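Here's entry12.cif, which has mmCIF, C-alpha atoms:
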```
data_protein
#
loop_
_atom_site.label_atom_id
_atom_site.label_comp_id
_atom_site.auth_asym_id
_atom_site.auth_seq_id
_atom_site.Cartn_x
_atom_site.Cartn_y
_atom_site.Cartn_z
CA MET A 1 4.49 0.34 -11.91
CA GLU A 2 2.77 2.80 -14.18
CA SER A 3 -0.33 1.72 -16.04
CA ASN A 4 -2.72 3.19 -18.55
CA PHE A 5 -5.89 2.38 -16.62
CA LYS A 6 -7.39 3.36 -13.31
CA ARG A 7 -6.43 0.87 -10.65
CA GLN A 8 -8.78 0.50 -7.71
CA LEU A 9 -7.69 -2.02 -5.11
CA VAL A 10 -8.72 -2.50 -1.49
CA ILE A 11 -6.01 -4.71 0.04
CA ILE A 12 -6.88 -5.81 3.58
CA GLY A 13 -4.57 -7.23 6.25
CA GLY A 14 -7.17 -9.72 7.48
CA ALA A 15 -9.62 -9.83 10.42
CA GLU A 16 -11.49 -6.77 9.17
CA ASP A 17 -14.53 -5.61 11.15
CA LYS A 18 -17.70 -7.28 9.81
CA GLU A 19 -20.09 -6.59 12.71
CA GLY A 20 -19.72 -2.90 13.63
CA ASP A 21 -19.20 0.11 11.41
CA SER A 22 -17.28 -2.15 8.97
CA GLN A 23 -15.22 0.83 7.79
CA ILE A 24 -13.06 -1.09 5.32
CA LEU A 25 -15.82 -3.18 3.76
CA ARG A 26 -18.00 -0.05 3.68
CA ASP A 27 -15.28 1.72 1.66
CA PHE A 28 -15.15 -1.21 -0.76
CA VAL A 29 -18.94 -1.22 -1.27
CA ARG A 30 -18.98 2.54 -1.80
CA ARG A 31 -16.21 2.32 -4.41
CA ALA A 32 -17.99 -0.60 -6.11
CA GLY A 33 -21.14 1.46 -6.65
CA GLY A 34 -22.81 1.75 -3.26
CA THR A 35 -26.45 0.66 -3.28
CA LYS A 36 -26.11 -0.16 -7.00
CA ALA A 37 -23.02 -2.37 -6.48
CA TYR A 38 -22.84 -5.82 -8.08
CA ILE A 39 -20.31 -7.71 -5.96
CA VAL A 40 -18.80 -11.10 -6.72
CA ILE A 41 -17.23 -12.97 -3.79
CA MET A 42 -14.38 -15.28 -4.80
CA THR A 43 -14.03 -18.13 -2.28
CA ALA A 44 -11.21 -20.09 -3.93
CA ALA A 45 -8.92 -19.57 -0.91
CA THR A 46 -11.17 -21.25 1.66
CA GLU A 47 -12.27 -24.83 2.26
CA LEU A 48 -15.51 -23.45 3.74
CA PRO A 49 -16.77 -21.48 0.72
CA ARG A 50 -20.46 -21.42 1.61
CA GLU A 51 -19.95 -20.40 5.22
CA VAL A 52 -17.35 -17.74 4.44
CA GLY A 53 -19.17 -16.46 1.37
CA GLU A 54 -22.52 -16.13 3.13
CA ASN A 55 -20.87 -14.19 5.95
CA TYR A 56 -19.71 -11.59 3.41
CA ILE A 57 -23.09 -11.60 1.66
CA ARG A 58 -24.68 -10.59 4.98
CA VAL A 59 -22.22 -7.71 5.44
CA PHE A 60 -22.44 -6.37 1.88
CA GLU A 61 -26.24 -6.59 1.84
CA ARG A 62 -26.41 -4.86 5.24
CA LEU A 63 -24.35 -2.04 3.72
CA GLY A 64 -26.85 -1.80 0.85
CA ALA A 65 -25.20 -3.59 -2.08
CA GLU A 66 -27.91 -4.39 -4.60
CA ASN A 67 -26.57 -7.69 -5.91
CA VAL A 68 -24.08 -10.00 -4.18
CA ARG A 69 -23.17 -13.51 -5.28
CA ILE A 70 -20.57 -16.16 -4.53
CA ILE A 71 -18.33 -17.74 -7.14
CA ASP A 72 -17.00 -20.98 -5.66
CA THR A 73 -14.21 -22.59 -7.65
CA GLU A 74 -12.98 -25.85 -6.15
CA THR A 75 -11.09 -26.93 -9.29
CA ARG A 76 -9.53 -25.30 -12.34
CA GLU A 77 -12.40 -26.73 -14.39
CA ASP A 78 -14.80 -24.59 -12.33
CA ALA A 79 -12.82 -21.52 -13.44
CA SER A 80 -14.38 -21.64 -16.91
CA SER A 81 -18.00 -21.73 -15.70
CA SER A 82 -20.22 -19.71 -18.00
CA THR A 83 -22.40 -18.51 -15.11
CA ALA A 84 -19.31 -17.34 -13.22
CA LEU A 85 -17.96 -15.53 -16.28
CA GLU A 86 -21.33 -13.85 -16.80
CA ALA A 87 -21.34 -12.65 -13.18
CA ILE A 88 -17.85 -11.22 -13.55
CA SER A 89 -18.88 -9.41 -16.74
CA LYS A 90 -21.59 -7.61 -14.73
CA ALA A 91 -19.57 -7.08 -11.54
CA THR A 92 -18.63 -3.65 -10.22
CA GLY A 93 -16.54 -5.19 -7.44
CA VAL A 94 -14.71 -8.51 -6.92
CA PHE A 95 -13.78 -9.63 -3.39
CA PHE A 96 -11.25 -12.40 -2.63
CA THR A 97 -11.76 -13.99 0.80
CA GLY A 98 -9.10 -15.28 3.17
CA GLY A 99 -7.86 -18.84 3.46
CA ASP A 100 -4.81 -20.26 1.66
CA GLN A 101 -3.37 -18.01 -1.04
CA ALA A 102 -1.82 -21.00 -2.86
CA ARG A 103 -5.34 -22.32 -3.46
CA ILE A 104 -6.27 -19.07 -5.23
CA THR A 105 -3.40 -19.21 -7.70
CA ASN A 106 -3.50 -23.00 -8.15
CA ILE A 107 -7.20 -22.86 -9.05
CA LEU A 108 -7.53 -19.49 -10.82
CA LYS A 109 -4.26 -18.29 -12.33
CA ASP A 110 -4.29 -18.21 -16.17
CA THR A 111 -7.89 -19.49 -16.35
CA GLU A 112 -10.82 -17.86 -18.13
CA ILE A 113 -11.99 -16.34 -14.83
CA ASP A 114 -8.54 -14.86 -14.20
CA VAL A 115 -8.54 -13.28 -17.67
CA ALA A 116 -12.09 -11.99 -17.19
CA ILE A 117 -11.31 -10.38 -13.82
CA HIS A 118 -8.21 -8.66 -15.23
CA LYS A 119 -10.27 -7.38 -18.14
CA ARG A 120 -12.88 -5.91 -15.80
CA PHE A 121 -10.10 -4.49 -13.59
CA ALA A 122 -8.70 -2.70 -16.64
CA GLU A 123 -12.18 -1.27 -17.20
CA GLY A 124 -12.22 0.24 -13.73
CA ILE A 125 -13.99 -2.14 -11.36
CA VAL A 126 -12.74 -2.47 -7.78
CA ILE A 127 -10.76 -5.54 -6.73
CA ALA A 128 -10.50 -6.30 -3.01
CA GLY A 129 -8.94 -9.07 -1.00
CA THR A 130 -8.39 -9.90 2.65
CA SER A 131 -5.61 -12.00 4.20
CA ALA A 132 -4.88 -14.65 1.52
CA GLY A 133 -6.88 -12.47 -0.87
CA ALA A 134 -4.42 -9.66 -0.14
CA ALA A 135 -1.35 -11.86 -0.57
CA VAL A 136 -2.23 -12.66 -4.20
CA MET A 137 -2.37 -9.01 -5.34
CA PRO A 138 1.27 -8.71 -6.55
CA ASP A 139 2.77 -10.64 -9.47
CA LYS A 140 5.04 -12.51 -7.01
CA MET A 141 3.47 -13.42 -3.68
CA ILE A 142 4.45 -14.85 -0.32
CA VAL A 143 3.12 -18.41 -0.37
CA GLU A 144 4.11 -19.16 3.20
CA GLY A 145 6.86 -18.39 5.66
CA ASP A 146 7.96 -18.04 9.26
CA SER A 147 6.72 -15.25 11.49
CA GLN A 148 8.54 -13.60 14.40
CA THR A 149 12.01 -14.20 13.00
CA HIS A 150 14.92 -12.24 11.60
CA PRO A 151 15.41 -12.25 7.79
CA ARG A 152 16.80 -15.46 6.26
CA ILE A 153 16.43 -16.98 2.79
CA GLU A 154 14.58 -19.99 4.23
CA THR A 155 12.12 -17.73 6.09
CA VAL A 156 9.81 -17.37 3.11
CA GLU A 157 8.56 -19.27 0.05
CA MET A 158 7.56 -17.19 -2.97
CA GLY A 159 5.29 -18.05 -5.90
CA PRO A 160 3.29 -16.40 -8.68
CA GLY A 161 0.48 -14.05 -7.65
CA LEU A 162 -2.42 -12.68 -9.71
CA GLY A 163 -0.59 -9.47 -10.67
CA PHE A 164 -3.11 -6.73 -9.88
CA LEU A 165 -0.33 -4.66 -8.23
CA PRO A 166 2.94 -5.79 -9.83
CA GLY A 167 6.44 -4.96 -8.66
CA VAL A 168 5.73 -5.06 -4.93
CA VAL A 169 5.55 -7.62 -2.11
CA ILE A 170 2.59 -7.72 0.30
CA ASP A 171 2.22 -9.40 3.69
CA GLN A 172 -0.79 -9.40 6.01
CA HIS A 173 -1.66 -9.93 9.71
CA PHE A 174 1.57 -7.97 9.91
CA SER A 175 2.10 -6.54 13.41
CA GLN A 176 -0.05 -9.22 15.00
CA ARG A 177 2.20 -12.02 13.73
CA GLY A 178 5.56 -10.23 13.74
CA ARG A 179 6.23 -10.56 10.01
CA LEU A 180 8.84 -7.85 9.36
CA GLY A 181 11.59 -10.44 8.98
CA ARG A 182 9.76 -12.43 6.34
CA LEU A 183 8.69 -9.28 4.43
CA ILE A 184 12.33 -8.16 4.21
CA SER A 185 13.38 -11.69 3.17
CA ALA A 186 10.74 -11.70 0.42
CA LEU A 187 11.79 -8.26 -0.76
CA ILE A 188 15.43 -9.29 -1.11
CA LEU A 189 14.51 -12.56 -2.84
CA GLU A 190 12.30 -10.86 -5.46
CA PRO A 191 13.13 -8.05 -7.95
CA ALA A 192 10.79 -5.67 -6.09
CA VAL A 193 11.76 -2.49 -4.25
CA LEU A 194 8.63 -1.94 -2.14
CA GLY A 195 7.25 -4.23 0.55
CA PHE A 196 3.93 -3.56 2.28
CA GLY A 197 2.99 -5.13 5.62
CA ILE A 198 -0.70 -4.62 6.43
CA ASP A 199 -2.04 -4.95 9.97
CA GLU A 200 -5.33 -6.64 10.80
CA ASN A 201 -8.52 -4.56 10.36
CA THR A 202 -6.43 -2.25 8.17
CA ALA A 203 -6.33 -1.75 4.42
CA MET A 204 -4.23 -0.04 1.80
CA VAL A 205 -6.59 1.43 -0.77
CA VAL A 206 -4.96 1.94 -4.17
CA THR A 207 -6.36 4.49 -6.59
CA ASP A 208 -4.15 4.85 -9.67
CA SER A 209 -0.65 5.36 -8.18
CA GLN A 210 -1.71 6.59 -4.74
CA ILE A 211 -2.29 4.51 -1.64
CA GLU A 212 -4.39 5.59 1.34
CA VAL A 213 -4.39 3.70 4.63
CA ILE A 214 -7.71 3.07 6.39
CA GLY A 215 -8.52 1.12 9.54
CA GLU A 216 -7.33 0.72 13.10
CA GLY A 217 -3.74 -0.42 12.50
CA ALA A 218 -0.97 0.67 10.17
CA VAL A 219 0.77 -0.24 6.93
CA THR A 220 4.52 -0.78 7.23
CA ILE A 221 6.43 0.05 4.04
CA VAL A 222 9.97 -1.17 3.37
CA ASP A 223 11.65 0.66 0.47
CA GLU A 224 14.91 -0.90 -0.66
CA SER A 225 15.23 1.18 -3.84
CA GLU A 226 18.20 3.06 -2.34
CA ALA A 227 19.65 0.20 -0.31
CA THR A 228 23.42 0.17 -0.54
CA TYR A 229 24.15 -3.48 0.28
CA ASN A 230 22.75 -6.92 0.95
CA ASN A 231 24.57 -10.21 1.41
CA MET A 232 22.19 -12.35 -0.64
CA GLY A 233 24.94 -13.58 -2.94
CA GLU A 234 27.27 -14.55 -0.12
CA ILE A 235 25.21 -16.67 2.27
CA LEU A 236 23.80 -20.18 2.54
CA LYS A 237 20.09 -20.89 2.84
CA ASP A 238 19.90 -20.98 6.66
CA GLU A 239 22.20 -17.98 7.27
CA SER A 240 21.05 -14.49 8.21
CA LEU A 241 20.35 -11.81 5.61
CA ALA A 242 21.87 -8.34 5.96
CA ILE A 243 20.66 -5.16 4.29
CA PHE A 244 22.01 -1.60 4.49
CA GLY A 245 20.22 1.64 3.72
CA ALA A 246 16.62 0.48 3.31
CA LYS A 247 13.88 2.96 4.25
CA LEU A 248 11.04 2.20 6.64
CA HIS A 249 7.70 4.05 6.73
CA ILE A 250 4.83 3.42 9.16
CA LEU A 251 1.50 4.80 7.90
CA PRO A 252 -1.62 4.80 10.11
CA HIS A 253 -5.19 5.69 9.11
CA GLY A 254 -5.47 8.68 6.78
CA PHE A 255 -1.85 8.70 5.65
CA LYS A 256 -0.98 8.18 2.00
CA PHE A 257 1.87 6.92 -0.18
CA ASP A 258 2.73 7.75 -3.78
CA LEU A 259 3.81 4.67 -5.74
CA LYS A 260 5.48 6.75 -8.48
CA THR A 261 7.65 8.93 -6.24
CA ARG A 262 7.83 6.33 -3.44
CA GLN A 263 7.10 9.12 -0.97
CA PRO A 264 4.76 9.04 2.05
CA ILE A 265 2.20 11.84 2.43
CA PRO A 266 1.02 12.92 5.92
CA GLY A 267 -2.64 12.76 6.84
CA ASN A 268 -3.05 16.49 6.26
CA GLY A 269 -1.90 16.11 2.64
CA SER A 270 1.36 18.06 2.90
CA VAL A 271 4.61 16.65 1.54
CA ALA A 272 6.49 14.41 3.97
CA ASN A 273 9.97 15.92 3.73
CA LEU A 274 10.16 17.54 7.16
CA PRO A 275 13.65 17.96 8.68
CA VAL A 276 14.48 15.74 11.62
CA SER A 277 15.98 17.52 14.62
CA VAL A 278 18.18 15.66 17.07
CA ALA A 279 18.40 16.87 20.64
#
```

As a first step, turn the structure in this file into structure tokens.
Amino acid sequence: MESNFKRQLVIIGGAEDKEGDSQILRDFVRRAGGTKAYIVIMTAATELPREVGENYIRVFERLGAENVRIIDTETREDASSSTALEAISKATGVFFTGGDQARITNILKDTEIDVAIHKRFAEGIVIAGTSAGAAVMPDKMIVEGDSQTHPRIETVEMGPGLGFLPGVVIDQHFSQRGRLGRLISALILEPAVLGFGIDENTAMVVTDSQIEVIGEGAVTIVDESEATYNNMGEILKDESLAIFGAKLHILPHGFKFDLKTRQPIPGNGSVANLPVSVA
């Protein structure tokens, strides 16, 4: 997962605060340039692009962003719009709204807009996404799946994502919808070793190879890099998955995670290798 450019991602679990202090969106605006930010809102995921987009315009302008505009792409043909490409070339931040993540990839993946956003990302602009906009961040994403269930192959459908954070799996609305089973299923189905489940009004903020959690919930991390066994090759589609030796981390606000070492870092910044005592 190493790269030769500075990654800045704000990946939000959905239902982020838009009316109060707006901590997560405030962090995005600050990273995108503060009062000098030029923010592009990508509404491909939603069937209500004007309503959803204007809601975010109100928030970003309230927080002081200088220039905010919507790019609405209803078809793949829209994804080569010269005005949209010009806006992306000027953008300091790109924000993907919620909705249906399959719409984002069906409309945008491998288009001129997709190429342009990746180019700007490589140049250091901030990419953010909430709910469906969070799901598309990896190279392989959860398209849909069952909540509140134990892991099974049929629990989850995977598809190509936009690849801003490759080699991981991301799920959102995590605690609220009981999605641990489908995150584990997705992790076993895909050649990824890290799964991130992001609660509502919570974000994992990626800077280079370090993640910081902000918001009122937590990020659940499943690390199967040292797992000793799973029964993927032995079961039928509707049978239960088993996995041995996976690690689980729960990170609330202020805690961090290093993508290179795959180690959590406590909120005070010390190394999280404390001994566990058993009474």

| query | Between A:Thr111, A:Asn268, A:Ser175, A:Gln101, which has the minimum distance to Met137 (chain A) (counting all atoms listed in the file)? | reply |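 For Met137 (chain A), the nearest of the given residues is A:Gln101.
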
| Do you know which residues are at most 8 Å from region 151-168 of chain A counting only C-alpha atoms, after dropping those on the same chain fewer than 5 positions away, and could you put them as number ranges by chain? | A: 1, 105, 109, 114, 118, 135-146, 181-182, 184-186, 189, 191-196, 237-242

| Reference answer for the PyMOL selection byres ((chain A and resi 258) around 10), as a list in words |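 On the file shown, the PyMOL selection byres ((chain A and resi 258) around 10) covers Val206, Asp208, Ser209, Gln210, Ile211, Glu212, Lys256, Phe257, Leu259, Lys260, Thr261, Arg262, Gln263, Pro264 and Ile265 of chain A.
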
| query | Which is closest to Glu16 (chain A) among A:Ala79, A:Ile214, A:Ala44, A:Ala84, if we use only C-alpha atoms? | reply |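 Ranked by minimum distance to Glu16 (chain A), first place goes to A:Ile214.
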
| query | Nearest to Asp17 (chain A): which of A:Thr202, A:Thr149, A:Ser80, A:Thr35 is it, counting all atoms listed in the file? | reply |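 Using all atoms listed in the file, the shortest distance to Asp17 (chain A) belongs to A:Thr202.
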
| Between A:Ile41, A:Ala132, A:Val222, A:Ala32, which one has atoms that come closest to Val68 (chain A), using all atoms listed in the file? | A:Ile41

| field | Point-to-point distance in Å for CA of Gln23 (chain A) and CA of Gly64 (chain A) | value |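 CA of Gly64 (chain A) sits 13.8 Å away from CA of Gln23 (chain A).
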
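Atom pair CA of Asp171 (chain A) / CA of His150 (chain A): separated by 15.2 Å.
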
Can you pull out the residues contacting Glu200 (chain A)? Cut-off 9 Å, using all atoms listed in the file, and skip same-chain residues under 5 positions away; I want them as an mmCIF file with C-alpha atoms, keeping the file's coordinate frame.
```
data_model
loop_
_atom_site.group_PDB
_atom_site.id
_atom_site.type_symbol
_atom_site.label_atom_id
_atom_site.label_comp_id
_atom_site.auth_asym_id
_atom_site.auth_seq_id
_atom_site.Cartn_x
_atom_site.Cartn_y
_atom_site.Cartn_z
ATOM 1 C CA ILE A 12 -6.880 -5.810 3.580
ATOM 2 C CA GLY A 13 -4.570 -7.230 6.250
ATOM 3 C CA GLY A 14 -7.170 -9.720 7.480
ATOM 4 C CA ALA A 15 -9.620 -9.830 10.420
ATOM 5 C CA GLU A 16 -11.490 -6.770 9.170
ATOM 6 C CA SER A 131 -5.610 -12.000 4.200
ATOM 7 C CA GLN A 172 -0.790 -9.400 6.010
ATOM 8 C CA HIS A 173 -1.660 -9.930 9.710
ATOM 9 C CA PHE A 174 1.570 -7.970 9.910
ATOM 10 C CA SER A 175 2.100 -6.540 13.410
ATOM 11 C CA GLN A 176 -0.050 -9.220 15.000
ATOM 12 C CA GLY A 215 -8.520 1.120 9.540
ATOM 13 C CA GLU A 216 -7.330 0.720 13.100
ATOM 14 C CA GLY A 217 -3.740 -0.420 12.500
ATOM 15 C CA ALA A 218 -0.970 0.670 10.170
#
```

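Counting from CA of Met42 (chain A), the distance to CA of Thr97 (chain A) is 6.3 Å.
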